[in-house]
>>> print(open('run13.txt').read())   # compact mmCIF, C-alpha atoms and all ligand atoms
# COMPACT_ATOMS: atom_id res chain seq x y z
CA MET A 201 15.12 -16.47 29.25
CA LYS A 202 13.73 -17.74 25.91
CA GLN A 203 10.85 -15.62 24.61
CA SER A 204 7.98 -17.35 22.82
CA SER A 205 5.12 -14.93 22.28
CA PHE A 206 2.87 -15.02 19.23
CA PHE A 207 5.07 -12.32 17.65
CA HIS A 208 8.19 -14.43 18.18
CA HIS A 209 6.60 -17.36 16.38
CA LEU A 210 5.97 -15.21 13.33
CA HIS A 211 9.73 -15.33 12.77
CA PRO A 212 12.17 -18.21 12.23
CA VAL A 213 14.16 -19.07 15.37
CA THR A 214 17.30 -17.49 13.92
CA ILE A 215 17.78 -14.92 11.18
CA PRO A 216 20.93 -14.16 9.15
CA GLU A 217 22.72 -11.35 10.96
CA ARG A 218 23.58 -9.23 7.95
CA GLU A 219 20.07 -9.29 6.49
CA SER A 220 18.34 -8.57 9.78
CA ARG A 221 20.22 -5.28 10.08
CA PHE A 222 18.11 -2.16 9.83
CA ARG A 223 20.12 -0.93 6.87
CA TYR A 224 19.14 -3.99 4.83
CA THR A 225 15.31 -3.95 5.12
CA PHE A 226 14.82 -0.62 6.93
CA GLY A 227 12.05 -2.58 8.66
CA LEU A 228 9.75 -1.56 5.81
CA GLY A 229 7.88 -4.87 5.37
CA GLY A 230 7.32 -5.18 9.12
CA LEU A 231 6.18 -1.54 9.32
CA SER A 232 3.69 -2.19 6.51
CA VAL A 233 2.24 -5.07 8.54
CA TYR A 234 2.08 -2.87 11.64
CA LEU A 235 0.34 -0.02 9.78
CA PHE A 236 -2.15 -2.53 8.36
CA ILE A 237 -2.98 -3.69 11.89
CA VAL A 238 -3.36 -0.06 13.07
CA LEU A 239 -5.69 0.55 10.13
CA ALA A 240 -7.78 -2.53 10.94
CA VAL A 241 -8.17 -1.55 14.60
CA THR A 242 -8.93 2.15 14.04
CA GLY A 243 -11.18 1.32 11.06
CA ALA A 244 -13.16 -1.15 13.19
CA LEU A 245 -13.64 1.57 15.83
CA GLU A 246 -14.86 4.04 13.21
CA LEU A 247 -17.47 1.51 12.07
CA PHE A 248 -19.39 2.02 15.33
CA TYR A 249 -20.29 5.57 14.28
CA TYR A 250 -19.95 5.68 10.49
CA VAL A 251 -23.31 5.44 8.65
CA PRO A 252 -23.03 4.38 5.00
CA SER A 253 -25.98 6.30 3.61
CA VAL A 254 -26.02 9.31 1.31
CA ASP A 255 -27.86 11.41 3.88
CA ARG A 256 -25.72 10.55 6.86
CA ALA A 257 -22.25 9.51 5.65
CA ASN A 258 -20.81 13.02 5.78
CA SER A 259 -22.50 14.01 9.04
CA SER A 260 -21.42 10.75 10.69
CA VAL A 261 -17.78 11.53 9.85
CA GLN A 262 -18.31 15.02 11.34
CA THR A 263 -19.72 13.31 14.45
CA ILE A 264 -16.63 11.10 14.73
CA GLN A 265 -14.36 14.10 14.27
CA TYR A 266 -16.06 16.60 16.58
CA LEU A 267 -18.41 14.82 18.99
CA VAL A 268 -17.34 11.26 19.77
CA PRO A 269 -14.81 11.16 22.64
CA PHE A 270 -11.37 10.55 21.07
CA GLY A 271 -13.08 10.15 17.68
CA TRP A 272 -10.68 12.74 16.23
CA LEU A 273 -7.77 10.63 17.46
CA VAL A 274 -9.03 7.38 15.98
CA ARG A 275 -9.94 9.02 12.67
CA GLY A 276 -6.65 10.94 12.50
CA VAL A 277 -4.54 7.85 13.15
CA HIS A 278 -6.57 5.87 10.58
CA TYR A 279 -6.04 8.60 7.98
CA TRP A 280 -2.32 9.06 8.60
CA ALA A 281 -1.64 5.31 8.80
CA ALA A 282 -3.21 4.97 5.33
CA GLN A 283 -1.05 7.76 3.87
CA ALA A 284 2.07 6.35 5.53
CA LEU A 285 1.29 2.85 4.25
CA ILE A 286 1.35 4.06 0.63
CA VAL A 287 4.78 5.64 1.08
CA ILE A 288 6.21 2.73 3.07
CA VAL A 289 4.96 0.05 0.69
CA ILE A 290 6.56 1.88 -2.24
CA LEU A 291 9.84 2.20 -0.31
CA HIS A 292 9.63 -1.52 0.55
CA MET A 293 9.20 -2.31 -3.15
CA LEU A 294 12.28 -0.22 -3.94
CA ARG A 295 14.30 -2.02 -1.25
CA VAL A 296 13.26 -5.39 -2.61
CA THR A 297 14.18 -4.29 -6.14
CA PHE A 298 17.55 -2.74 -5.32
CA THR A 299 18.65 -5.78 -3.29
CA GLY A 300 17.58 -8.23 -6.03
CA SER A 301 15.21 -9.91 -3.58
CA TYR A 302 12.52 -10.48 -6.21
CA LYS A 303 14.57 -13.22 -7.91
CA ARG A 304 13.79 -16.91 -7.75
CA PRO A 305 12.45 -18.42 -5.45
CA ARG A 306 10.74 -15.15 -4.48
CA ARG A 307 9.17 -14.37 -7.85
CA PHE A 308 5.68 -15.39 -6.81
CA ASN A 309 5.93 -13.39 -3.60
CA TRP A 310 6.86 -10.38 -5.71
CA LEU A 311 3.52 -10.84 -7.50
CA LEU A 312 1.69 -11.01 -4.18
CA GLY A 313 3.50 -7.81 -3.22
CA VAL A 314 2.44 -6.06 -6.44
CA SER A 315 -1.18 -7.00 -5.72
CA LEU A 316 -0.78 -5.57 -2.19
CA LEU A 317 0.42 -2.30 -3.69
CA VAL A 318 -2.73 -2.13 -5.82
CA PHE A 319 -4.88 -3.03 -2.79
CA VAL A 320 -3.28 -0.30 -0.69
CA LEU A 321 -3.96 2.37 -3.36
CA LEU A 322 -7.56 1.26 -3.93
CA LEU A 323 -8.22 0.98 -0.20
CA THR A 324 -7.13 4.56 0.42
CA PHE A 325 -9.11 5.75 -2.62
CA THR A 326 -12.35 4.05 -1.52
CA GLY A 327 -11.79 5.16 2.08
CA LEU A 328 -11.59 8.81 1.04
CA VAL A 329 -14.86 8.50 -0.90
CA LEU A 330 -16.61 7.44 2.33
CA ARG A 331 -16.26 11.04 3.58
CA TRP A 332 -18.80 12.10 0.97
CA ASP A 333 -17.53 15.68 1.08
CA THR A 334 -16.37 18.26 -1.45
CA ASP A 335 -12.78 16.92 -1.40
CA ILE A 336 -13.75 13.67 -3.05
CA GLU A 337 -15.53 15.07 -6.11
CA TRP A 338 -12.63 14.23 -8.42
CA ALA A 339 -12.31 10.72 -7.02
CA LEU A 340 -15.97 10.03 -7.44
CA LEU A 341 -16.67 11.73 -10.75
CA VAL A 342 -13.44 11.47 -12.77
CA GLY A 343 -11.95 8.40 -11.07
CA THR A 344 -14.97 6.16 -11.46
CA ASN A 345 -15.88 7.53 -14.92
CA LEU A 346 -12.59 6.14 -16.21
CA LEU A 347 -14.18 2.71 -15.95
CA LYS A 348 -16.81 3.70 -18.51
CA SER A 349 -14.09 4.20 -21.13
CA ILE A 350 -13.30 0.45 -21.16
CA PRO A 351 -14.67 -0.93 -24.46
CA LEU A 352 -17.68 -3.31 -24.30
CA ILE A 353 -17.74 -4.02 -20.56
CA GLY A 354 -16.96 -0.54 -19.20
CA ASN A 355 -20.56 0.33 -18.28
CA ASP A 356 -21.07 -3.00 -16.52
CA ILE A 357 -17.92 -2.57 -14.46
CA TYR A 358 -18.95 1.00 -13.61
CA GLY A 359 -22.38 -0.31 -12.53
CA ALA A 360 -20.81 -2.93 -10.27
CA VAL A 361 -18.48 -0.40 -8.65
CA VAL A 362 -20.85 2.53 -8.30
CA GLY A 363 -24.22 0.78 -8.04
CA GLY A 364 -25.89 2.27 -11.16
CA GLN A 365 -25.10 4.23 -14.31
CA GLU A 366 -24.47 7.42 -12.33
CA ILE A 367 -23.66 8.39 -8.75
CA ASN A 368 -26.80 7.57 -6.77
CA VAL A 369 -28.09 6.81 -3.28
CA ASP A 370 -26.53 3.34 -3.35
CA THR A 371 -23.04 4.53 -4.24
CA VAL A 372 -21.87 5.14 -0.70
CA VAL A 373 -22.97 1.64 0.38
CA ARG A 374 -21.08 0.21 -2.60
CA PHE A 375 -17.89 2.01 -1.62
CA TYR A 376 -18.39 0.94 1.98
CA GLY A 377 -18.69 -2.67 0.84
CA TRP A 378 -15.65 -2.38 -1.44
CA HIS A 379 -13.56 -0.69 1.22
CA ILE A 380 -14.20 -3.22 3.96
CA PHE A 381 -15.06 -6.53 2.34
CA GLY A 382 -14.00 -6.20 -1.28
CA LEU A 383 -10.58 -4.80 -0.45
CA ALA A 384 -9.53 -4.76 3.24
CA LEU A 385 -10.53 -8.34 3.95
CA LEU A 386 -8.99 -9.65 0.74
CA ALA A 387 -5.84 -7.57 1.30
CA PHE A 388 -5.55 -9.07 4.78
CA PHE A 389 -5.53 -12.62 3.34
CA VAL A 390 -3.01 -11.68 0.67
CA MET A 391 -0.82 -10.06 3.34
CA VAL A 392 -0.86 -13.23 5.46
CA TRP A 393 -0.02 -15.23 2.31
CA HIS A 394 2.83 -12.79 1.52
CA ALA A 395 4.28 -13.19 5.03
CA PHE A 396 3.88 -16.98 4.84
CA ARG A 397 5.70 -17.01 1.49
CA VAL A 398 8.65 -15.08 2.98
CA ARG A 399 9.21 -18.06 5.31
CA ARG A 400 8.32 -20.65 2.72
CA ASP A 401 10.89 -19.15 0.30
CA GLY A 402 13.62 -19.74 2.89
CA GLY A 403 13.26 -16.62 5.03
CA ILE A 404 14.39 -13.17 4.12
CA SER A 405 16.65 -13.09 1.06
CA SER A 406 20.22 -13.61 2.06
CA GLN A 407 23.64 -14.20 0.53
CA SER A 408 24.27 -16.93 3.06
CA THR A 409 21.75 -19.60 1.99
CA ARG A 410 23.72 -20.69 -1.05
CA ALA A 411 27.15 -20.16 0.43
CA ALA A 412 26.37 -22.36 3.43
CA GLN A 413 25.35 -25.23 1.18
CA THR A 414 28.72 -25.38 -0.50
CA PRO A 415 30.97 -27.98 1.22
CA GLY A 416 33.67 -26.39 3.31
CA ASP A 417 31.92 -23.05 3.40
CA THR A 418 31.29 -21.54 6.83
CA PRO A 419 27.70 -20.39 7.26
CA ARG A 420 27.38 -16.67 7.97
CA PRO A 421 26.42 -15.59 11.51
CA ARG A 422 22.79 -15.66 12.56
CA ILE A 423 21.02 -13.87 15.39
CA SER A 424 18.11 -14.94 17.56
CA ARG A 425 14.63 -13.74 16.71
CA ASP A 426 14.36 -12.12 20.18
CA GLU A 427 16.62 -9.33 19.00
CA LEU A 428 14.57 -8.78 15.86
CA VAL A 429 11.27 -8.70 17.78
CA ARG A 430 12.77 -6.10 20.14
CA LYS A 431 13.78 -3.94 17.18
CA GLU A 432 10.34 -4.34 15.63
CA ALA A 433 8.63 -3.30 18.88
CA LEU A 434 10.83 -0.19 18.98
CA GLY A 435 9.98 0.56 15.32
CA ALA A 436 6.25 0.19 16.06
CA LEU A 437 6.57 2.56 19.02
CA ILE A 438 8.33 5.22 16.93
CA VAL A 439 5.74 4.91 14.15
CA THR A 440 2.90 5.19 16.66
CA ILE A 441 4.40 8.38 18.08
CA GLY A 442 4.76 9.70 14.51
CA LEU A 443 1.10 8.94 13.72
CA LEU A 444 -0.05 10.66 16.92
CA ALA A 445 2.11 13.71 16.17
CA LEU A 446 0.73 13.96 12.62
CA THR A 447 -2.83 13.63 13.92
CA LEU A 448 -2.28 16.45 16.40
CA ALA A 449 -0.46 18.72 13.96
CA PHE A 450 -2.51 18.03 10.81
CA PRO A 451 -5.94 16.55 11.56
CA PRO A 452 -7.61 15.13 8.43
CA SER A 453 -10.11 17.49 6.85
CA ILE A 454 -13.84 16.93 6.48
CA GLY A 455 -15.71 19.40 4.28
CA PRO A 456 -19.42 19.93 3.61
CA VAL A 457 -21.40 17.37 1.57
CA GLY A 458 -20.10 17.26 -2.02
CA ASN A 459 -22.07 18.06 -5.15
CA PHE A 460 -21.64 14.99 -7.27
CA ARG A 461 -23.59 16.19 -10.32
CA GLN A 462 -20.91 18.38 -11.81
CA LEU A 463 -17.19 18.78 -11.27
CA THR A 464 -16.20 22.07 -9.64
CA GLU A 465 -13.01 23.86 -10.68
CA GLN A 466 -11.15 23.10 -7.46
CA ALA A 467 -11.85 19.34 -7.69
CA ALA A 468 -8.53 17.52 -7.42
CA ALA A 469 -7.28 13.95 -7.24
CA PRO A 470 -6.00 12.62 -3.90
CA TRP A 471 -2.21 13.14 -3.76
CA PHE A 472 -1.35 9.56 -4.72
CA PHE A 473 -3.37 9.83 -7.96
CA VAL A 474 -2.30 13.36 -8.96
CA TRP A 475 0.05 11.76 -11.52
CA VAL A 476 -2.98 10.13 -13.20
CA GLN A 477 -4.86 13.45 -13.10
CA GLN A 478 -1.88 15.05 -14.84
CA LEU A 479 -1.83 12.35 -17.55
CA LEU A 480 -5.55 12.90 -18.12
CA ARG A 481 -4.85 16.57 -18.92
CA TRP A 482 -2.84 15.39 -21.92
CA GLY A 483 -5.14 12.84 -23.51
CA ASP A 484 -8.17 10.56 -23.54
CA PRO A 485 -9.33 8.67 -20.43
CA LEU A 486 -8.76 5.16 -21.80
CA PRO A 487 -5.05 5.46 -22.67
CA MET A 488 -4.08 8.05 -20.06
CA GLY A 489 -6.25 7.05 -17.12
CA LEU A 490 -6.34 3.28 -17.51
CA LEU A 491 -3.96 1.77 -20.06
CA ILE A 492 -0.83 3.62 -18.88
CA PRO A 493 -1.40 3.00 -15.11
CA ILE A 494 -2.36 -0.66 -15.68
CA GLY A 495 0.56 -1.05 -18.12
CA LEU A 496 2.97 0.21 -15.45
CA ILE A 497 1.64 -2.28 -12.90
CA VAL A 498 2.04 -5.09 -15.46
CA ILE A 499 5.64 -4.01 -16.19
CA ILE A 500 6.41 -4.01 -12.43
CA ALA A 501 4.77 -7.43 -12.04
CA LEU A 502 6.86 -8.86 -14.90
CA ILE A 503 10.21 -7.74 -13.50
CA PRO A 504 11.34 -11.16 -12.21
CA TYR A 505 9.74 -13.00 -15.14
CA ALA A 506 10.78 -10.92 -18.13
CA ILE A 507 13.17 -8.14 -17.18
CA ASP A 508 15.65 -9.86 -14.84
CA ARG A 509 15.53 -13.64 -14.84
CA SER A 510 18.97 -14.03 -13.29
CA GLN A 511 19.41 -15.95 -10.04
CA THR A 512 22.59 -14.30 -8.87
CA GLY A 513 23.02 -10.99 -7.08
CA VAL A 514 20.33 -11.81 -4.51
CA ALA A 515 20.61 -9.71 -1.33
CA ARG A 516 23.27 -7.48 -2.92
CA TRP A 517 22.46 -3.77 -3.08
CA PHE A 518 22.45 -2.53 -6.69
CA ASN A 519 23.63 -5.91 -8.00
CA ARG A 520 24.90 -5.77 -11.57
CA GLU A 521 22.55 -8.50 -12.89
CA GLY A 522 19.50 -6.50 -11.84
CA ARG A 523 20.56 -3.14 -13.32
CA VAL A 524 17.79 -3.04 -15.94
CA ALA A 525 15.12 -3.94 -13.37
CA GLN A 526 16.47 -1.26 -11.02
CA LEU A 527 16.42 1.33 -13.81
CA VAL A 528 12.86 0.39 -14.82
CA ILE A 529 11.52 0.73 -11.26
CA ALA A 530 13.48 3.93 -10.64
CA ALA A 531 12.18 5.42 -13.92
CA ILE A 532 8.58 4.53 -13.01
CA VAL A 533 8.79 5.99 -9.51
CA VAL A 534 10.67 9.15 -10.63
CA GLY A 535 8.19 9.57 -13.54
CA MET A 536 5.28 9.41 -11.11
CA ILE A 537 6.92 11.95 -8.79
CA VAL A 538 7.58 14.36 -11.70
CA LEU A 539 3.99 14.02 -12.96
CA THR A 540 2.73 14.61 -9.40
CA LEU A 541 4.81 17.78 -9.08
CA LEU A 542 3.55 19.00 -12.48
CA GLY A 543 -0.01 18.21 -11.40
CA LEU A 544 0.38 20.16 -8.16
CA MET A 545 1.69 23.29 -9.91
CA PRO A 546 -0.92 26.01 -10.40
CA ALA A 547 -2.33 25.92 -13.99
C1 LIG B 1 0.75 -4.14 2.45
C2 LIG B 1 1.85 -4.34 1.73
C3 LIG B 1 3.03 -5.20 2.10
C4 LIG B 1 3.34 -5.82 3.28
C5 LIG B 1 2.54 -5.78 4.57
C6 LIG B 1 4.59 -6.54 3.11
C7 LIG B 1 5.26 -7.25 4.10
C8 LIG B 1 6.48 -7.86 3.94
C9 LIG B 1 7.33 -8.39 5.00
C10 LIG B 1 7.01 -8.36 6.49
C11 LIG B 1 8.46 -8.90 4.43
C12 LIG B 1 9.69 -9.55 5.11
C13 LIG B 1 10.68 -8.56 5.68
C14 LIG B 1 11.01 -7.30 4.93
O1 LIG B 1 11.37 -7.28 3.76
O2 LIG B 1 10.93 -6.23 5.59
C15 LIG B 1 8.30 -8.76 3.01
C16 LIG B 1 9.20 -9.22 2.06
C17 LIG B 1 9.00 -9.16 0.68
N1 LIG B 1 8.09 -8.35 0.03
FE1 LIG B 1 6.58 -7.36 0.92
N2 LIG B 1 4.99 -6.38 1.81
C18 LIG B 1 4.09 -5.56 1.16
C19 LIG B 1 4.18 -5.12 -0.15
C20 LIG B 1 5.10 -5.56 -1.07
C21 LIG B 1 5.28 -5.03 -2.42
C22 LIG B 1 4.50 -3.83 -3.00
C23 LIG B 1 6.24 -5.79 -3.03
C24 LIG B 1 6.78 -5.69 -4.43
C25 LIG B 1 6.17 -5.20 -5.45
C26 LIG B 1 6.69 -6.78 -2.07
C27 LIG B 1 7.61 -7.79 -2.31
C28 LIG B 1 8.26 -8.51 -1.33
C29 LIG B 1 9.28 -9.52 -1.56
C30 LIG B 1 9.76 -10.05 -2.93
C31 LIG B 1 9.74 -9.91 -0.31
C32 LIG B 1 10.89 -10.90 0.00
C33 LIG B 1 12.09 -10.01 0.18
C34 LIG B 1 13.27 -10.67 0.82
O3 LIG B 1 13.21 -11.87 1.12
O4 LIG B 1 14.28 -9.95 0.97
N3 LIG B 1 6.01 -6.59 -0.89
N4 LIG B 1 7.13 -8.10 2.73
>>> encode(input="run13.txt", output="structure tokens")
Amino acid sequence: MKQSSFFHHLHPVTIPERESRFRYTFGLGGLSVYLFIVLAVTGALELFYYVPSVDRANSSVQTIQYLVPFGWLVRGVHYWAAQALIVIVILHMLRVTFTGSYKRPRRFNWLLGVSLLVFVLLLTFTGLVLRWDTDIEWALLVGTNLLKSIPLIGNDIYGAVVGGQEINVDTVVRFYGWHIFGLALLAFFVMVWHAFRVRRDGGISSQSTRAAQTPGDTPRPRISRDELVRKEALGALIVTIGLLALTLAFPPSIGPVGNFRQLTEQAAAPWFFVWVQQLLRWGDPLPMGLLIPIGLIVIIALIPYAIDRSQTGVARWFNREGRVAQLVIAAIVVGMIVLTLLGLMPA
């Protein structure tokens, strides 16, 4: 019987067989969408108990964790889905790079993807600040102070983000606003746009599109979307079990209220910004904390526009035309991992 649920309609009726295989996409884009939905649902549930005020933010998180029935579960899944999303989005970016799927006509969608990567990092950063505990001292003091190092407009940007010229009673409301409306809502629209562009650009990148247009060429086999939706449902189930297991084994921490006047010795960046913390040990905030990270994002964004403008090699793993782009991305990701490991080593 033909299936036609909402989820089926998100896909074209048929999909090229080769490119719908797990070993082509590893389901990473679909998993990112799923994790985003999990985050939206669990985040919405947390909103019923979270109080964005300096006096009550920390205690309201404690309430969710220890008093609200299943609050620990909702909070744990929200936390682990956010950590998983960072890893999965980066892996998805690597898959897209190594299969040359950023090339025309998908260049603009690559840009949307890069903005989603930035959204995902900022969302997790602002979400952690909402705990208002000792673990977020680095994020709040060092992270936001980087903004002040921007010439001319730095103080104004800092004021807009933090709600004043230092951490104050309004800061938690600002981060609450940024987390939910400034970032999550916007990221949702960009994600829908990204998914729409996948279809608009002719579906998932495939070697078959061009070949089938050549007279006399036999189009490559395609499968029905029912099969893909079944695989996606299985993937979602496995990920859900993984999130539940992580929540049970490693519940997210919540410490006492932080002291945001002065940085304590143990203050550390969240794991996904340890590489920036390490760079900051070697130089001034403006170059190390802002120019290098922003420069790397710009380099990634420019890959299909400046580094590999070829149109061949699409949907081919490690295609020759895209070697430089692949090396650039690999160097950036490996560099970040090395800096993170250096940053995690005891001083
Ligand atoms: C929240 C973040 C993201 C979500 C939810 C998402 C979702 C998706 C989905 C569902 C697909 C189609 C199937 C697949 O490849 O698995 C896709 C394809 C694509 N994504 Fe993403 N993505 C995200 C981030 C990114 C990032 C960081 C990049 C690159 C920097 C990127 C670039 C692309 C491109 C170019 C395609 C087309 C690939 C092809 O046709 O083979 N995306 N994305």
>>> residues_near_ligand(input="run13.txt", ligand="ligand LIG 1 (chain B)", cutoff="7 Å", atoms="only C-alpha atoms and all ligand atoms", output="CSV table (one decimal) with C-alpha atoms, in the coordinates of the input")
chain,number,residue,atom,x,y,z
A,225,THR,CA,15.3,-4.0,5.1
A,226,PHE,CA,14.8,-0.6,6.9
A,227,GLY,CA,12.0,-2.6,8.7
A,228,LEU,CA,9.8,-1.6,5.8
A,229,GLY,CA,7.9,-4.9,5.4
A,230,GLY,CA,7.3,-5.2,9.1
A,232,SER,CA,3.7,-2.2,6.5
A,233,VAL,CA,2.2,-5.1,8.5
A,236,PHE,CA,-2.2,-2.5,8.4
A,289,VAL,CA,5.0,0.0,0.7
A,290,ILE,CA,6.6,1.9,-2.2
A,292,HIS,CA,9.6,-1.5,0.6
A,293,MET,CA,9.2,-2.3,-3.2
A,296,VAL,CA,13.3,-5.4,-2.6
A,301,SER,CA,15.2,-9.9,-3.6
A,302,TYR,CA,12.5,-10.5,-6.2
A,306,ARG,CA,10.7,-15.2,-4.5
A,307,ARG,CA,9.2,-14.4,-7.8
A,309,ASN,CA,5.9,-13.4,-3.6
A,310,TRP,CA,6.9,-10.4,-5.7
A,311,LEU,CA,3.5,-10.8,-7.5
A,312,LEU,CA,1.7,-11.0,-4.2
A,313,GLY,CA,3.5,-7.8,-3.2
A,314,VAL,CA,2.4,-6.1,-6.4
A,316,LEU,CA,-0.8,-5.6,-2.2
A,317,LEU,CA,0.4,-2.3,-3.7
A,320,VAL,CA,-3.3,-0.3,-0.7
A,391,MET,CA,-0.8,-10.1,3.3
A,394,HIS,CA,2.8,-12.8,1.5
A,395,ALA,CA,4.3,-13.2,5.0
A,398,VAL,CA,8.6,-15.1,3.0
A,403,GLY,CA,13.3,-16.6,5.0
A,404,ILE,CA,14.4,-13.2,4.1
A,405,SER,CA,16.6,-13.1,1.1
A,515,ALA,CA,20.6,-9.7,-1.3
>>> residues_near_point(input="run13.txt", point="(7.7, 0.1, -12.2)", cutoff="12 Å", atoms="all atoms listed in the file", output="PyMOL selection string")
chain A and resi 290+293-294+297+314+317+492-504+507+524-536
>>> write_last_selection(input="run13.txt", atoms="C-alpha atoms", output="CSV table (one decimal), keeping the file's coordinate frame")
chain,number,residue,atom,x,y,z
A,290,ILE,CA,6.6,1.9,-2.2
A,293,MET,CA,9.2,-2.3,-3.2
A,294,LEU,CA,12.3,-0.2,-3.9
A,297,THR,CA,14.2,-4.3,-6.1
A,314,VAL,CA,2.4,-6.1,-6.4
A,317,LEU,CA,0.4,-2.3,-3.7
A,492,ILE,CA,-0.8,3.6,-18.9
A,493,PRO,CA,-1.4,3.0,-15.1
A,494,ILE,CA,-2.4,-0.7,-15.7
A,495,GLY,CA,0.6,-1.0,-18.1
A,496,LEU,CA,3.0,0.2,-15.4
A,497,ILE,CA,1.6,-2.3,-12.9
A,498,VAL,CA,2.0,-5.1,-15.5
A,499,ILE,CA,5.6,-4.0,-16.2
A,500,ILE,CA,6.4,-4.0,-12.4
A,501,ALA,CA,4.8,-7.4,-12.0
A,502,LEU,CA,6.9,-8.9,-14.9
A,503,ILE,CA,10.2,-7.7,-13.5
A,504,PRO,CA,11.3,-11.2,-12.2
A,507,ILE,CA,13.2,-8.1,-17.2
A,524,VAL,CA,17.8,-3.0,-15.9
A,525,ALA,CA,15.1,-3.9,-13.4
A,526,GLN,CA,16.5,-1.3,-11.0
A,527,LEU,CA,16.4,1.3,-13.8
A,528,VAL,CA,12.9,0.4,-14.8
A,529,ILE,CA,11.5,0.7,-11.3
A,530,ALA,CA,13.5,3.9,-10.6
A,531,ALA,CA,12.2,5.4,-13.9
A,532,ILE,CA,8.6,4.5,-13.0
A,533,VAL,CA,8.8,6.0,-9.5
A,534,VAL,CA,10.7,9.2,-10.6
A,535,GLY,CA,8.2,9.6,-13.5
A,536,MET,CA,5.3,9.4,-11.1
>>> closest_residue(input="run13.txt", among="A:Asp333, A:Glu432, A:Asp356, A:Asp255", to="A:His211", atoms="all atoms listed in the file")
A:Glu432
>>> atom_distance(input="run13.txt", atom1="atom CA of A:Leu321", atom2="atom CA of A:Val538")
18.6 Å
>>> axis_aligned_box(input="run13.txt", around="stretch 436-442 of chain A", padding_each_side="4 Å", output="lines of an AutoDock Vina configuration file")
center_x = 5.6
center_y = 4.9
center_z = 16.6
size_x = 13.4
size_y = 17.5
size_z = 12.9
>>> atom_distance(input="run13.txt", atom1="atom CA of A:Ile454", atom2="atom CA of A:Glu246")
14.6 Å
>>> closest_residue(input="run13.txt", among="A:Gly458, A:Met545, A:Arg397, A:Gly522", to="A:Phe308", atoms="only C-alpha atoms")
A:Arg397
>>> residues_around(input="run13.txt", residues="A:Tyr234", least_positions_apart="3", cutoff="10 Å", atoms="only C-alpha atoms", output="PyMOL selection string")
chain A and resi 228-231+237-240+281+285+432-433+435-436+439-440
>>> decode(input="run13.txt", residues="stretch 457-467 of chain A", atoms="N, CA, C and O atoms", output="compact mmCIF listing (two decimals), in the first residue's frame")
# COMPACT_ATOMS: atom_id res chain seq x y z
N VAL A 457 25.26 28.56 42.21
CA VAL A 457 25.25 29.82 41.44
C VAL A 457 26.69 30.31 41.25
O VAL A 457 27.50 30.25 42.18
N GLY A 458 27.01 30.76 40.03
CA GLY A 458 28.37 31.20 39.72
C GLY A 458 28.67 32.58 40.28
O GLY A 458 27.76 33.35 40.60
N ASN A 459 29.99 32.85 40.40
CA ASN A 459 30.41 34.20 40.80
C ASN A 459 30.90 34.89 39.53
O ASN A 459 31.95 34.55 39.01
N PHE A 460 30.13 35.80 39.03
CA PHE A 460 30.48 36.36 37.73
C PHE A 460 31.23 37.68 37.82
O PHE A 460 31.23 38.48 36.89
N ARG A 461 31.88 37.92 38.99
CA ARG A 461 32.67 39.15 39.11
C ARG A 461 34.11 38.90 38.68
O ARG A 461 34.73 39.72 38.05
N GLN A 462 34.59 37.70 39.03
CA GLN A 462 35.99 37.42 38.76
C GLN A 462 36.14 35.96 38.33
O GLN A 462 35.43 35.10 38.86
N LEU A 463 37.06 35.74 37.40
CA LEU A 463 37.22 34.37 36.89
C LEU A 463 37.98 33.50 37.91
O LEU A 463 39.04 33.89 38.38
N THR A 464 37.43 32.34 38.24
CA THR A 464 38.17 31.45 39.15
C THR A 464 39.15 30.62 38.32
O THR A 464 39.02 30.56 37.09
N GLU A 465 40.09 29.97 39.00
CA GLU A 465 41.14 29.23 38.28
C GLU A 465 40.59 28.06 37.46
O GLU A 465 41.09 27.74 36.40
N GLN A 466 39.54 27.42 38.01
CA GLN A 466 39.02 26.23 37.32
C GLN A 466 38.13 26.59 36.13
O GLN A 466 37.72 25.69 35.38
N ALA A 467 37.81 27.88 35.94
CA ALA A 467 36.88 28.25 34.87
C ALA A 467 37.38 27.73 33.53
O ALA A 467 38.54 27.92 33.17
